[in-house]
6 protein chains.
Amino acid sequence: MTAFLNPLTIEPRVRDALDEDLGRAGDITTFATIPAGTPARAVIAARKPGVIAGLALAEAAFRLLDPTLGFAPRTTDGDKVVAGDIVAQISGAARPILSAERVALNYLCRLSGIATLTWQYVERVSRTSANICCTRKTTPGLRAFEKYAVRCGGGMNHRFGLDGAFLIKDNHIAVAGGIRPALRAAKANAGHLVQIEIEVDNLDQLREVIEEGADAVLLDNMSIDQLREAVDLVAGRMKTEASGGINLDTVAAIAETGVDMISVGALTHSAGGLDLGLDVEVGGR
Amino acid sequence: MTAFLNPLTIEPRVRDALDEDLGRAGDITTFATIPAGTPARAVIAARKPGVIAGLALAEAAFRLLDPTLGFAPRTTDGDKVVAGDIVAQISGAARPILSAERVALNYLCRLSGIATLTWQYVERVSRTSANICCTRKTTPGLRAFEKYAVRCGGGMNHRFGLDGAFLIKDNHIAVAGGIRPALRAAKANAGHLVQIEIEVDNLDQLREVIEEGADAVLLDNMSIDQLREAVDLVAGRMKTEASGGINLDTVAAIAETGVDMISVGALTHSAGGLDLGLDVEVGGR
Amino acid sequence: MTAFLNPLTIEPRVRDALDEDLGRAGDITTFATIPAGTPARAVIAARKPGVIAGLALAEAAFRLLDPTLGFAPRTTDGDKVVAGDIVAQISGAARPILSAERVALNYLCRLSGIATLTWQYVERVSRTSANICCTRKTTPGLRAFEKYAVRCGGGMNHRFGLDGAFLIKDNHIAVAGGIRPALRAAKANAGHLVQIEIEVDNLDQLREVIEEGADAVLLDNMSIDQLREAVDLVAGRMKTEASGGINLDTVAAIAETGVDMISVGALTHSAGGLDLGLDVEVGGR
Amino acid sequence: MTAFLNPLTIEPRVRDALDEDLGRAGDITTFATIPAGTPARAVIAARKPGVIAGLALAEAAFRLLDPTLGFAPRTTDGDKVVAGDIVAQISGAARPILSAERVALNYLCRLSGIATLTWQYVERVSRTSANICCTRKTTPGLRAFEKYAVRCGGGMNHRFGLDGAFLIKDNHIAVAGGIRPALRAAKANAGHLVQIEIEVDNLDQLREVIEEGADAVLLDNMSIDQLREAVDLVAGRMKTEASGGINLDTVAAIAETGVDMISVGALTHSAGGLDLGLDVEVGGR
Amino acid sequence: MTAFLNPLTIEPRVRDALDEDLGRAGDITTFATIPAGTPARAVIAARKPGVIAGLALAEAAFRLLDPTLGFAPRTTDGDKVVAGDIVAQISGAARPILSAERVALNYLCRLSGIATLTWQYVERVSRTSANICCTRKTTPGLRAFEKYAVRCGGGMNHRFGLDGAFLIKDNHIAVAGGIRPALRAAKANAGHLVQIEIEVDNLDQLREVIEEGADAVLLDNMSIDQLREAVDLVAGRMKTEASGGINLDTVAAIAETGVDMISVGALTHSAGGLDLGLDVEVGGR
Amino acid sequence: MTAFLNPLTIEPRVRDALDEDLGRAGDITTFATIPAGTPARAVIAARKPGVIAGLALAEAAFRLLDPTLGFAPRTTDGDKVVAGDIVAQISGAARPILSAERVALNYLCRLSGIATLTWQYVERVSRTSANICCTRKTTPGLRAFEKYAVRCGGGMNHRFGLDGAFLIKDNHIAVAGGIRPALRAAKANAGHLVQIEIEVDNLDQLREVIEEGADAVLLDNMSIDQLREAVDLVAGRMKTEASGGINLDTVAAIAETGVDMISVGALTHSAGGLDLGLDVEVGGR
């Protein structure tokens with residue numbers, strides 16, 4: 001599994017998050033109660049089972065505040081952990097460790113939560129050829145990180161944005177005057193490395209798509225029977241994607257229809273944070 | 001209910017989110033399939049019951065792409081809606097409406113999800129004097145918006161950042177040499193408008209805090225009995241806040257102990273998005 | 001022809017360019033010599049034949065300095081002009097017109113120069129099925145605008161960046177252990193809307209690609225004969241792209257080999273600016 | 001030759017250019033096909049003769065992606081190279097070398113192209129006392145870098161922006177009520193370190209300028225004879241600058257008229273990139 | 001004395017200030033006259049007595065231009081110096097030392113000037129229990145640094161911004177319908193860690209505040225007698241703050257009335273810079 | 001008097017200042033106590049005599065928070081006011097008026113304070129031909145605004161930054177090997193619109209400068225007699241500038257020596273704010 005991320009996006013985002021937390025006066029409690037030279041050692045540990053994602057963001061949180069802090073990951077993004085597992089260790093000055101803790105955990109818990117939920121979906125379909133993928137229902141400002149977390153959990157990435165591929169939906173079809181003219185408009189404007197997917201609600205639409213040709217078809221809110229018939233009709237001529245009303249209880253049956261992709265908005269819009277904690281031992285030597 | 005927000009933070013954040021979605025080439029599907037002048041009317045409607053928060057962000061998403069779009073809210077932040085209720089109407093050119101849809105909904109669904117979960121907690125404690133409040137376990141980059149959403153749901157806001165008040169935790173106490181020296185260090189450095197709260201795990205610590213004096217005490221992971229006894233001990237001399245292991249099942253009993261505040265990290269770190277949809281009618285006149 | 005551009009990228013870039021020109025003290029000559037209320041009318045006209053691209057950037061330059069300026073385009077991006085043709089008219093206060101002139105022209109001349117050169121290539125291959133496309137050899141900071149200009153000139157866009165599609169080159173092949181493992185690594189990691197192109201230098205490599213399968217193949221620095229044979233070998237199973245050593249004299253013969261795409265770095269890295277001038281009539285009534 | 005550049009402008013600009021190329025998901029091809037620890041050695045070499053400019057920008061591109069990369073320049077900005085000359089060597093991890101290659105070359109080729117063209121002009125006038133200088137017809141966002149490149153090629157810099165000096169043109173003269181009032185308005189507002197130049201089209205205007213006094217005069221679109229006469233009239237009392245319709249064929253004759261400066265917009269608006277290539281040897285030890 | 005500052009705010013601000021000074025072409029004088037490798041040693045020394053504040057900003061100015069420069073502080077923020085005292089020493093390349101000098105001193109002189117003036121006020125009230133504090137009358141863009149300097153001079157910080165605490169002034173009272181409804185509106189909306197202060201002009205208003213309750217009261221423009229009576233009335237039930245018309249001549253008498261805080265806008269809006277100089281010894285060994 | 005300012009710099013700076021004051025939660029007092037629709041009228045009036053500068057910044061503060069606010073200036077930058085004079089009137093919604101008040105005044109008071117102090121210097125030398133000018137001892141981040149204010153007060157502007165002109169100081173002279181080589185190095189690198197000034201401490205140095213030639217000479221810390229002799233020696237061949245130890249008591253005598261420019265760091269580093277107040281009448285009609 002290779003999870004993709006532009007590494008240059010990490011530092012500016014983490015810096016913004018630290019600024020958001022430190023505000024104008026900084027961590028006044030820590031500055032008032034902990035002397036400047038006090039050493040500390042900290043451990044990030046899992047309190048619930050899950051899949052880790054976002055270690056580089058957590059590391060950046062600590063090291064932007066103090067480049068001399070040691071950050072030793074004991075896991076790698078994509079690793080599965082159980083309660084009690086050590087995720088990473090931090091050592092150095094107590095002040096920056098305590099000041100960066102919340103930002104580091106806010107990133108790590110959220111992204112690990114997404115990876116964990118993705119992995120739960122992936123497990124349910126592991127005996128099929130279906131892939132789980134995310135949508136554009138992501139947190140504003142965190143899309144690339146969240147799509148990275150989906151990959152860490154074993155899922156695939158859908159479009160990163162509106163410019164990544166054509167995805168022709170009902171409104172586009174309606175204005176363009178039908179499935180054929182919509183597909184033709186897309187083809188006329190698509191560079192040779194840009195794919196075209198189109199959304200259909202029923203099998204009649206699907207037949208029209210098959211005749212006209214496309215790279216992928218999104219089968220929206222179809223029943224299991226419809227999905228099965230759709231996969232038969234397509235017969236490998238394009239990728240098939242199921243979407244709509246999918247949850248952990250229904251995903252296996254959907255995967256067994258033979259669709260290639262199952263897109264799940266909840267991976268990013270409704271994953272709870274993974275429960276991770278940071279324990280600090282301050283002082284000593 | 002007054003929910004606080006620096007209005008200048010809206011436009012830059014929404015612009016970033018639009019850029020994140022539009023990427024380098026913009027909404028290629030809409031540009032290829034929908035002619036430039038096509039008019040449209042859209043409705044954002046609730047598909048589940050909940051509390052609305054974030055209308056100004058949704059409006060900004062549409063109007064940053066096209067200042068001539070009409071955005072008519074049919075609700076106000078803090079309003080309760082049921083499935084089918086219309087939240088807002090948008091009219092104008094089809095292209096910017098379709099291109100901004102996802103960003104508008106990503107903000108509105110997430111913030112309304114937080115407001116909705118907050119409201120569920122608030123309802124459970126409505127027969128007590130306890131207030132529900134949030135924590136700093138927020139999404140990096142969205143803290144002010146998420147804290148605003150908590151207010152829309154009837155909750156109160158805890159610190160906006162590490163600079164907002166002193167919150168002395170176990171590590172601070174340990175390094176400072178105990179509760180008394182920690183509190184004195186804070187008092188020596190606190191401006192006259194800065195409050196001091198301190199976290200305690202047991203009643204012995206609490207007694208020490210009461211003797212030394214503070215503005216608020218955080219009662220961490222205490223049992224119902226301990227909380228009740230703590231409230232008695234404090235006897236109104238400072239604010240009391242319960243935290244740790246609180247969920248919708250346990251919150252009422254905690255509130256009945258008489259604590260002033262109950263802080264719930266899940267309000268922001270694990271609220272799912274409220275299910276809202278945008279239906280567009282493109283073309284016509 | 002639909003040319004794609006994220007409209008939100010225009011204002012920040014043009015603002016930066018104006019700041020670059022106005023510096024700290026602004027347009028001192030105009031402020032010293034032209035009174036504040038003086039009216040003016042200006043005309044942007046072509047001094048050489050070409051294709052226009054970038055009108056929205058020129059308009060933004062004038063209107064960011066003074067939102068009350070009138071900007072009336074007399075052409076549309078993609079229009080062909082001859083010497084003397086009026087491209088746009090500007091009216092309003094003389095000061096902002098003179099202060100914004102250079103930035104407006106710097107954008108418009110450069111982008112129109114790219115569109116013009118693209119169109120010259122496109123014309124040479126117009127009797128074939130080949131498309132002209134650009135590369136990533138663009139001006140840092142202007143890629144999206146320059147790719148837009150290529151479209152205005154009738155060309156197609158290659159990848160907008162390294163994240164837009166897989167393009168496996170010789171170094172990737174060498175490290176991955178050959179064409180097959182490289183293609184398999186890409187396929188294993190490609191989302192369902194991400195295409196895979198691979199570069200080959202000879203027909204043996206091409207045969208391997210055909211066996212393994214890919215979405216497109218880049219035929220690098222091949223002779224006309226090799227290209228023709230390559231197109232025959234591929235037989236429509238994937239897109240073919242010719243690149244390397246292409247200029248206005250050679251492009252027609254290359255197109256006649258039957259390749260689908262011809263990529264030309266010079267479109268963006270060596271197009272001269274189109275000669276456009278702004279004539280101002282200041283004052284009077 | 002000292003070429004001037006604010007060193008703090010390099011990193012932010014190169015970072016933007018890398019972001020523009022890496023996009024949201026980064027270099028997906030390299031990540032999928034090249035393992036994380038793979039070493040590489042790369043060489044940037046000239047494929048055509050020219051003058052190098054922009055090594056610091058190329059270095060920044062590599063080192064922003066990976067500060068541990070070695071970047072060993074084998075030339076210095078301003079050096080002349082012939083085809084085959086090694087410009088710089090890079091060593092370290094293969095991934096960041098391949099990911100940064102395009103941005104590094106896009107800067108280096110463009111700036112070296114400008115330096116090379118400047119040098120060609122400088123050579124043509126080397127037996128005269130004339131200097132070649134650039135204009136404000138630069139690429140938006142790259143002005144300071146492009147003016148630096150002109151210096152590397154042996155040219156001089158004209159104003160960096162509208163705030164750098166007074167340059168009174170025909171429109172300013174017309175509104176101000178003539179050459180004298182325009183010059184007086186400038187003088188009344190010029191700090192003691194700000195120069196005043198004025199553009200004239202004919203010798204009558206020039207005589208008026210000489211009487212009123214200025215620091216420099218721009219002789220626009222004059223014939224060789226007019227220029228010669230103008231230089232005689234000025235007789236060293238101010239700097240003389242020729243502009244308009246200058247190219248490599250005409251520049252020598254213009255220089256021989258005795259003008260001090262010859263400004264050439266083409267240096268920046270129409271220089272093609274210098275042909276430089278990066279060859280990578282990946283793997284091995 | 002602990003002075004609070006978000007450390008992440010230093011680098012971006014100092015970078016902006018350097019850019020402001022270096023402009024587009026950088027330090028042309030130093031580049032033209034001083035060879036690249038020339039070493040230098042510099043000393044920042046006090047030319048007048050005062051209190052130092054802002055060493056981290058001065059250090060950042062030097063090190064952002066050249067990370068290899070040595071910066072050895074000989075004082076600590078908050079230290080008192082007399083004329084001739086060495087504040088810090090800098091060593092390394094001459095060019096960046098000379099180029100950064102002005103920005104380093106501009107920060108250090110201004111912040112030390114504020115610390116010095118604060119200390120003069122603090123000294124005048126040192127035999128009383130009153131604290132000197134600043135206001136929001138700060139330099140736009142420098143508030144956090146200026147409030148930090150006030151702390152270095154021994155003063156306390158008032159609100160960092162409008163969101164830091166409630167401060168109910170005459171206009172708020174007027175619109176809210178009086179002191180009581182204004183205080184109740186604030187209490188109804190204040191989180192448990194947010195304080196409420198209210199401004200009063202006379203003792204009748206003060207009595208109303210005492211009955212209704214608040215955390216602090218601002219006694220605006222009261223005479224010494226009124227202040228004394230106000231302190232008696234309050235009797236320790238809330239913090240008292242005197243403001244208005246306070247200067248070094250009057251502050252002692254005001255402090256002796258027993259008020260807790262004395263806020264002085266002049267600390268930040270009218271402190272002159274402390275006279276510090278940088279002496280450089282360039283070259284040699 | 002024409003004061004120069006890049007108008008595009010206003011909005012971003014004022015936006016930053018508003019953000020600095022509004023913080024994360026905004027103006028909580030105003031939101032809690034003043035209903036959304038409440039109207040207000042406000043007047044900015046002078047409480048002390050002075051010269052106004054910065055009206056556009058004050059206007060921007062109000063209108064960025066609410067574009068519908070009316071801002072009617074009753075003065076123009078550069079106008080002299082006496083106590084009681086109305087500077088500007090604001091009308092519209094009470095909330096944004098109160099929230100923007102402090103930022104508007106912080107800019108207006110500071111810049112007017114600089115204009116006022118400048119004007120006091122200008123008045124002292126009004127019977128001479130000397131001009132008062134500022135230095136680079138400005139507030140970081142506000143240089144362009146402060147230099148604009150100096151112009152509003154009747155002063156002239158020295159260099160805006162290190163890139164604006166050559167100013168050769170003692171360290172440059174020492175390293176370059178003396179006055180002549182330093183001047184020659186500058187001349188060899190100066191574009192034709194860049195001036196060269198050099199600092200001298202005594203008349204011997206001055207004679208060397210006169211022989212070698214320069215555009216201006218800075219006579220540093222010279223006595224009145226020395227200055228008079230220096231002016232005689234120069235005899236109009238270059239501009240003369242006096243600096244060092246100048247205050248309102250000494251400036252007239254210095255001006256009478258015949259120097260062209262007198263530079264005064266205190267104009268920007270030690271001007272107190274002009275006392276301006278904003279009176280609001282909230283509500284009613």
# chains A, B, ... in the order shown; residues from 1 in each chain; ligands from 1
$ residues_around --residues "segment 104-119 of chain C" --least-positions-apart "2" --cutoff "7 Å" --atoms "only C-alpha atoms" --output "PyMOL selection string"
(chain C and resi 50-55+57-58+61+100-102+121-123+146+149-150+152-155+267-268+271-276) or (chain D and resi 137-140)
$ write_last_selection --atoms "C-alpha atoms" --output "PDB file, in the first residue's frame"
ATOM      1  CA  GLY C  50      -2.440  36.039 -33.036  1.00  0.00           C
ATOM      2  CA  VAL C  51      -4.857  34.344 -30.670  1.00  0.00           C
ATOM      3  CA  ILE C  52      -6.108  36.100 -27.540  1.00  0.00           C
ATOM      4  CA  ALA C  53      -5.896  34.507 -24.089  1.00  0.00           C
ATOM      5  CA  GLY C  54      -6.081  35.989 -20.609  1.00  0.00           C
ATOM      6  CA  LEU C  55      -8.714  38.714 -20.835  1.00  0.00           C
ATOM      7  CA  LEU C  57      -6.470  38.553 -15.942  1.00  0.00           C
ATOM      8  CA  ALA C  58      -6.164  41.867 -17.728  1.00  0.00           C
ATOM      9  CA  ALA C  61      -5.483  44.053 -13.092  1.00  0.00           C
ATOM     10  CA  ALA C 100      -2.303  48.807 -14.081  1.00  0.00           C
ATOM     11  CA  GLU C 101      -1.364  48.927 -17.778  1.00  0.00           C
ATOM     12  CA  ARG C 102       1.910  47.034 -17.544  1.00  0.00           C
ATOM     13  CA  TYR C 121       1.017  23.982 -34.270  1.00  0.00           C
ATOM     14  CA  VAL C 122      -2.657  23.064 -34.328  1.00  0.00           C
ATOM     15  CA  GLU C 123      -3.011  24.439 -37.843  1.00  0.00           C
ATOM     16  CA  GLU C 146      -0.473  28.789 -19.331  1.00  0.00           C
ATOM     17  CA  ALA C 149      -3.814  29.531 -22.859  1.00  0.00           C
ATOM     18  CA  VAL C 150      -2.865  26.310 -24.642  1.00  0.00           C
ATOM     19  CA  CYS C 152      -7.416  28.848 -26.021  1.00  0.00           C
ATOM     20  CA  GLY C 153      -5.043  28.149 -28.892  1.00  0.00           C
ATOM     21  CA  GLY C 154      -6.791  24.882 -29.667  1.00  0.00           C
ATOM     22  CA  GLY C 155      -4.398  22.547 -27.895  1.00  0.00           C
ATOM     23  CA  LEU C 267       4.371  26.002 -26.297  1.00  0.00           C
ATOM     24  CA  THR C 268       5.012  27.228 -22.788  1.00  0.00           C
ATOM     25  CA  ALA C 271       6.645  31.250 -26.750  1.00  0.00           C
ATOM     26  CA  GLY C 272       7.358  34.931 -27.204  1.00  0.00           C
ATOM     27  CA  GLY C 273       4.747  37.411 -26.068  1.00  0.00           C
ATOM     28  CA  LEU C 274       2.101  38.486 -28.552  1.00  0.00           C
ATOM     29  CA  ASP C 275       2.625  42.130 -29.453  1.00  0.00           C
ATOM     30  CA  LEU C 276      -0.305  44.035 -27.968  1.00  0.00           C
TER      31      LEU C 276
ATOM     32  CA  LYS D 137       7.890  43.593 -19.497  1.00  0.00           C
ATOM     33  CA  THR D 138       8.589  40.670 -17.190  1.00  0.00           C
ATOM     34  CA  THR D 139       6.698  37.555 -16.209  1.00  0.00           C
ATOM     35  CA  PRO D 140       4.208  38.351 -13.449  1.00  0.00           C
TER      36      PRO D 140
END
$ select_by_dssp --residues "segment 2-165 of chain A" --states "alpha helix (DSSP H)" --output "ChimeraX atom specification"
/A:10-22,28-33,55-65,94-124,143-152
$ write_last_selection --atoms "C-alpha atoms" --output "PDB file, in the first residue's frame"
ATOM      1  CA  ILE A  10       2.316  19.281   6.147  1.00  0.00           C
ATOM      2  CA  GLU A  11       4.304  22.107   7.687  1.00  0.00           C
ATOM      3  CA  PRO A  12       2.054  25.046   6.740  1.00  0.00           C
ATOM      4  CA  ARG A  13      -1.077  23.258   7.910  1.00  0.00           C
ATOM      5  CA  VAL A  14       0.422  22.130  11.201  1.00  0.00           C
ATOM      6  CA  ARG A  15       1.799  25.605  11.767  1.00  0.00           C
ATOM      7  CA  ASP A  16      -1.676  27.037  11.302  1.00  0.00           C
ATOM      8  CA  ALA A  17      -3.102  24.536  13.744  1.00  0.00           C
ATOM      9  CA  LEU A  18      -0.472  25.364  16.348  1.00  0.00           C
ATOM     10  CA  ASP A  19      -1.181  29.053  15.911  1.00  0.00           C
ATOM     11  CA  GLU A  20      -4.861  28.358  16.324  1.00  0.00           C
ATOM     12  CA  ASP A  21      -4.165  26.714  19.679  1.00  0.00           C
ATOM     13  CA  LEU A  22      -1.366  28.919  20.991  1.00  0.00           C
ATOM     14  CA  ILE A  28       0.377  30.448  29.527  1.00  0.00           C
ATOM     15  CA  THR A  29      -0.172  27.577  31.941  1.00  0.00           C
ATOM     16  CA  THR A  30       2.939  25.714  30.933  1.00  0.00           C
ATOM     17  CA  PHE A  31       5.060  28.857  30.888  1.00  0.00           C
ATOM     18  CA  ALA A  32       3.906  29.855  34.348  1.00  0.00           C
ATOM     19  CA  THR A  33       4.295  26.463  36.022  1.00  0.00           C
ATOM     20  CA  LEU A  55       2.445  10.283  12.236  1.00  0.00           C
ATOM     21  CA  ALA A  56       4.223  12.870  10.123  1.00  0.00           C
ATOM     22  CA  LEU A  57       1.697  15.511  11.186  1.00  0.00           C
ATOM     23  CA  ALA A  58       2.115  14.668  14.839  1.00  0.00           C
ATOM     24  CA  GLU A  59       5.869  14.813  14.474  1.00  0.00           C
ATOM     25  CA  ALA A  60       5.631  18.171  12.751  1.00  0.00           C
ATOM     26  CA  ALA A  61       3.524  19.567  15.593  1.00  0.00           C
ATOM     27  CA  PHE A  62       6.240  18.776  18.132  1.00  0.00           C
ATOM     28  CA  ARG A  63       9.187  19.771  15.985  1.00  0.00           C
ATOM     29  CA  LEU A  64       7.791  23.028  14.715  1.00  0.00           C
ATOM     30  CA  LEU A  65       7.581  24.174  18.313  1.00  0.00           C
ATOM     31  CA  ALA A  94       8.791  19.595  28.701  1.00  0.00           C
ATOM     32  CA  ARG A  95       7.380  22.919  27.592  1.00  0.00           C
ATOM     33  CA  PRO A  96       7.072  22.308  23.846  1.00  0.00           C
ATOM     34  CA  ILE A  97       5.920  18.721  24.416  1.00  0.00           C
ATOM     35  CA  LEU A  98       3.030  19.892  26.542  1.00  0.00           C
ATOM     36  CA  SER A  99       2.232  22.835  24.271  1.00  0.00           C
ATOM     37  CA  ALA A 100       2.111  20.741  21.089  1.00  0.00           C
ATOM     38  CA  GLU A 101       0.313  17.739  22.577  1.00  0.00           C
ATOM     39  CA  ARG A 102      -3.241  18.731  21.673  1.00  0.00           C
ATOM     40  CA  VAL A 103      -2.492  19.639  18.055  1.00  0.00           C
ATOM     41  CA  ALA A 104      -0.487  16.459  17.533  1.00  0.00           C
ATOM     42  CA  LEU A 105      -3.302  14.357  18.932  1.00  0.00           C
ATOM     43  CA  ASN A 106      -6.038  16.252  17.119  1.00  0.00           C
ATOM     44  CA  TYR A 107      -4.442  15.330  13.805  1.00  0.00           C
ATOM     45  CA  LEU A 108      -3.406  11.812  14.757  1.00  0.00           C
ATOM     46  CA  CYS A 109      -6.733  10.843  16.332  1.00  0.00           C
ATOM     47  CA  ARG A 110      -8.813  12.171  13.449  1.00  0.00           C
ATOM     48  CA  LEU A 111      -6.736  10.620  10.687  1.00  0.00           C
ATOM     49  CA  SER A 112      -6.359   7.339  12.558  1.00  0.00           C
ATOM     50  CA  GLY A 113     -10.106   7.353  13.081  1.00  0.00           C
ATOM     51  CA  ILE A 114     -10.612   7.597   9.336  1.00  0.00           C
ATOM     52  CA  ALA A 115      -8.042   4.867   8.668  1.00  0.00           C
ATOM     53  CA  THR A 116      -9.712   2.663  11.242  1.00  0.00           C
ATOM     54  CA  LEU A 117     -13.194   3.065   9.816  1.00  0.00           C
ATOM     55  CA  THR A 118     -11.863   2.489   6.306  1.00  0.00           C
ATOM     56  CA  TRP A 119     -10.185  -0.693   7.442  1.00  0.00           C
ATOM     57  CA  GLN A 120     -13.462  -1.930   8.941  1.00  0.00           C
ATOM     58  CA  TYR A 121     -15.105  -1.504   5.558  1.00  0.00           C
ATOM     59  CA  VAL A 122     -12.164  -3.059   3.748  1.00  0.00           C
ATOM     60  CA  GLU A 123     -12.297  -6.104   5.988  1.00  0.00           C
ATOM     61  CA  ARG A 124     -15.970  -6.680   5.232  1.00  0.00           C
ATOM     62  CA  ARG A 143      -8.951  16.762   2.162  1.00  0.00           C
ATOM     63  CA  ALA A 144      -5.489  15.594   1.150  1.00  0.00           C
ATOM     64  CA  PHE A 145      -4.730  14.376   4.668  1.00  0.00           C
ATOM     65  CA  GLU A 146      -8.051  12.577   4.935  1.00  0.00           C
ATOM     66  CA  LYS A 147      -7.632  10.909   1.566  1.00  0.00           C
ATOM     67  CA  TYR A 148      -4.185   9.845   2.690  1.00  0.00           C
ATOM     68  CA  ALA A 149      -5.753   8.309   5.807  1.00  0.00           C
ATOM     69  CA  VAL A 150      -8.212   6.391   3.674  1.00  0.00           C
ATOM     70  CA  ARG A 151      -5.252   4.852   1.851  1.00  0.00           C
ATOM     71  CA  CYS A 152      -3.606   4.004   5.185  1.00  0.00           C
TER      72      CYS A 152
END
$ atom_distance --atom1 "atom CA of Arg180 of chain D" --atom2 "atom CA of Thr38 of chain C"
19.2 Å
$ closest_atom_pairs --of "chain D" --to "chain F" --cutoff "9 Å" --atoms "only C-alpha atoms" --output "Markdown table"
| residue | atom | partner | partner_atom | distance |
| --- | --- | --- | --- | --- |
| D:Met1 | CA | F:Asn189 | CA | 7.2 |
| D:Thr2 | CA | F:Asn189 | CA | 6.5 |
| D:Ala3 | CA | F:Asn189 | CA | 8.3 |
| D:Phe4 | CA | F:Asp163 | CA | 8.8 |
| D:Asn6 | CA | F:Asp163 | CA | 8.7 |
| D:Cys133 | CA | F:Gly191 | CA | 8.4 |
| D:Met156 | CA | F:Gly191 | CA | 5.8 |
| D:Asn157 | CA | F:Gly191 | CA | 5.5 |
| D:His158 | CA | F:Gly191 | CA | 6.2 |
| D:Arg159 | CA | F:Leu193 | CA | 7.0 |
| D:Asp163 | CA | F:Asn6 | CA | 8.7 |
| D:Gly164 | CA | F:Gly164 | CA | 6.8 |
| D:Ala165 | CA | F:Leu193 | CA | 6.5 |
| D:Phe166 | CA | F:Leu193 | CA | 8.8 |
| D:Ala188 | CA | F:Met1 | CA | 8.2 |
| D:Asn189 | CA | F:Thr2 | CA | 6.5 |
| D:Ala190 | CA | F:Met156 | CA | 8.0 |
| D:Gly191 | CA | F:Asn157 | CA | 5.5 |
| D:His192 | CA | F:His158 | CA | 7.2 |
| D:Leu193 | CA | F:Gln195 | CA | 5.6 |
| D:Val194 | CA | F:Gln195 | CA | 6.9 |
| D:Gln195 | CA | F:Leu193 | CA | 5.6 |
| D:Ile196 | CA | F:Leu193 | CA | 7.6 |
| D:Glu197 | CA | F:Leu193 | CA | 7.8 |
| D:Asp215 | CA | F:Leu193 | CA | 7.9 |
| D:Ala216 | CA | F:Leu193 | CA | 7.7 |
| D:Lys239 | CA | F:His192 | CA | 7.2 |
| D:Asp260 | CA | F:His192 | CA | 8.6 |
| D:Met261 | CA | F:His192 | CA | 7.9 |
$ atom_distance --atom1 "atom CA of Gly283 of chain B" --atom2 "atom CA of Asp204 of chain A"
23.5 Å
$ residues_around --residues "segment 222-229 of chain F" --least-positions-apart "6" --cutoff "10 Å" --atoms "only C-alpha atoms" --output "MDAnalysis selection string"
chainID F and resid 200:203 235 240:245 250 253:259
$ residues_around --residues "Val280 of chain B" --least-positions-apart "5" --cutoff "12 Å" --atoms "only C-alpha atoms" --output "ChimeraX atom specification"
/A:169-172,174-175 /B:39-45,89-99,101
$ select_by_dssp --residues "segment 5-231 of chain E" --states "strand (DSSP E)" --output "ChimeraX atom specification"
/E:39-46,50-51,70-73,80-81,86-93,131-133,166-168,196-200,216-220
$ atom_distance --atom1 "atom CA of Val264 of chain C" --atom2 "atom CA of Cys134 of chain C"
5.4 Å
$ residues_around --residues "Ile179 of chain A" --least-positions-apart "3" --cutoff "7 Å" --atoms "only C-alpha atoms" --output "PDB file with C-alpha atoms, in the first residue's frame"
ATOM      1  CA  ILE A 173     -27.053  15.141 -17.892  1.00  0.00           C
ATOM      2  CA  ALA A 182     -23.143  14.861 -21.882  1.00  0.00           C
ATOM      3  CA  LEU A 183     -20.599  12.125 -22.518  1.00  0.00           C
ATOM      4  CA  GLU A 208     -27.076   4.176 -22.984  1.00  0.00           C
ATOM      5  CA  VAL A 209     -23.748   4.725 -21.239  1.00  0.00           C
TER       6      VAL A 209
END
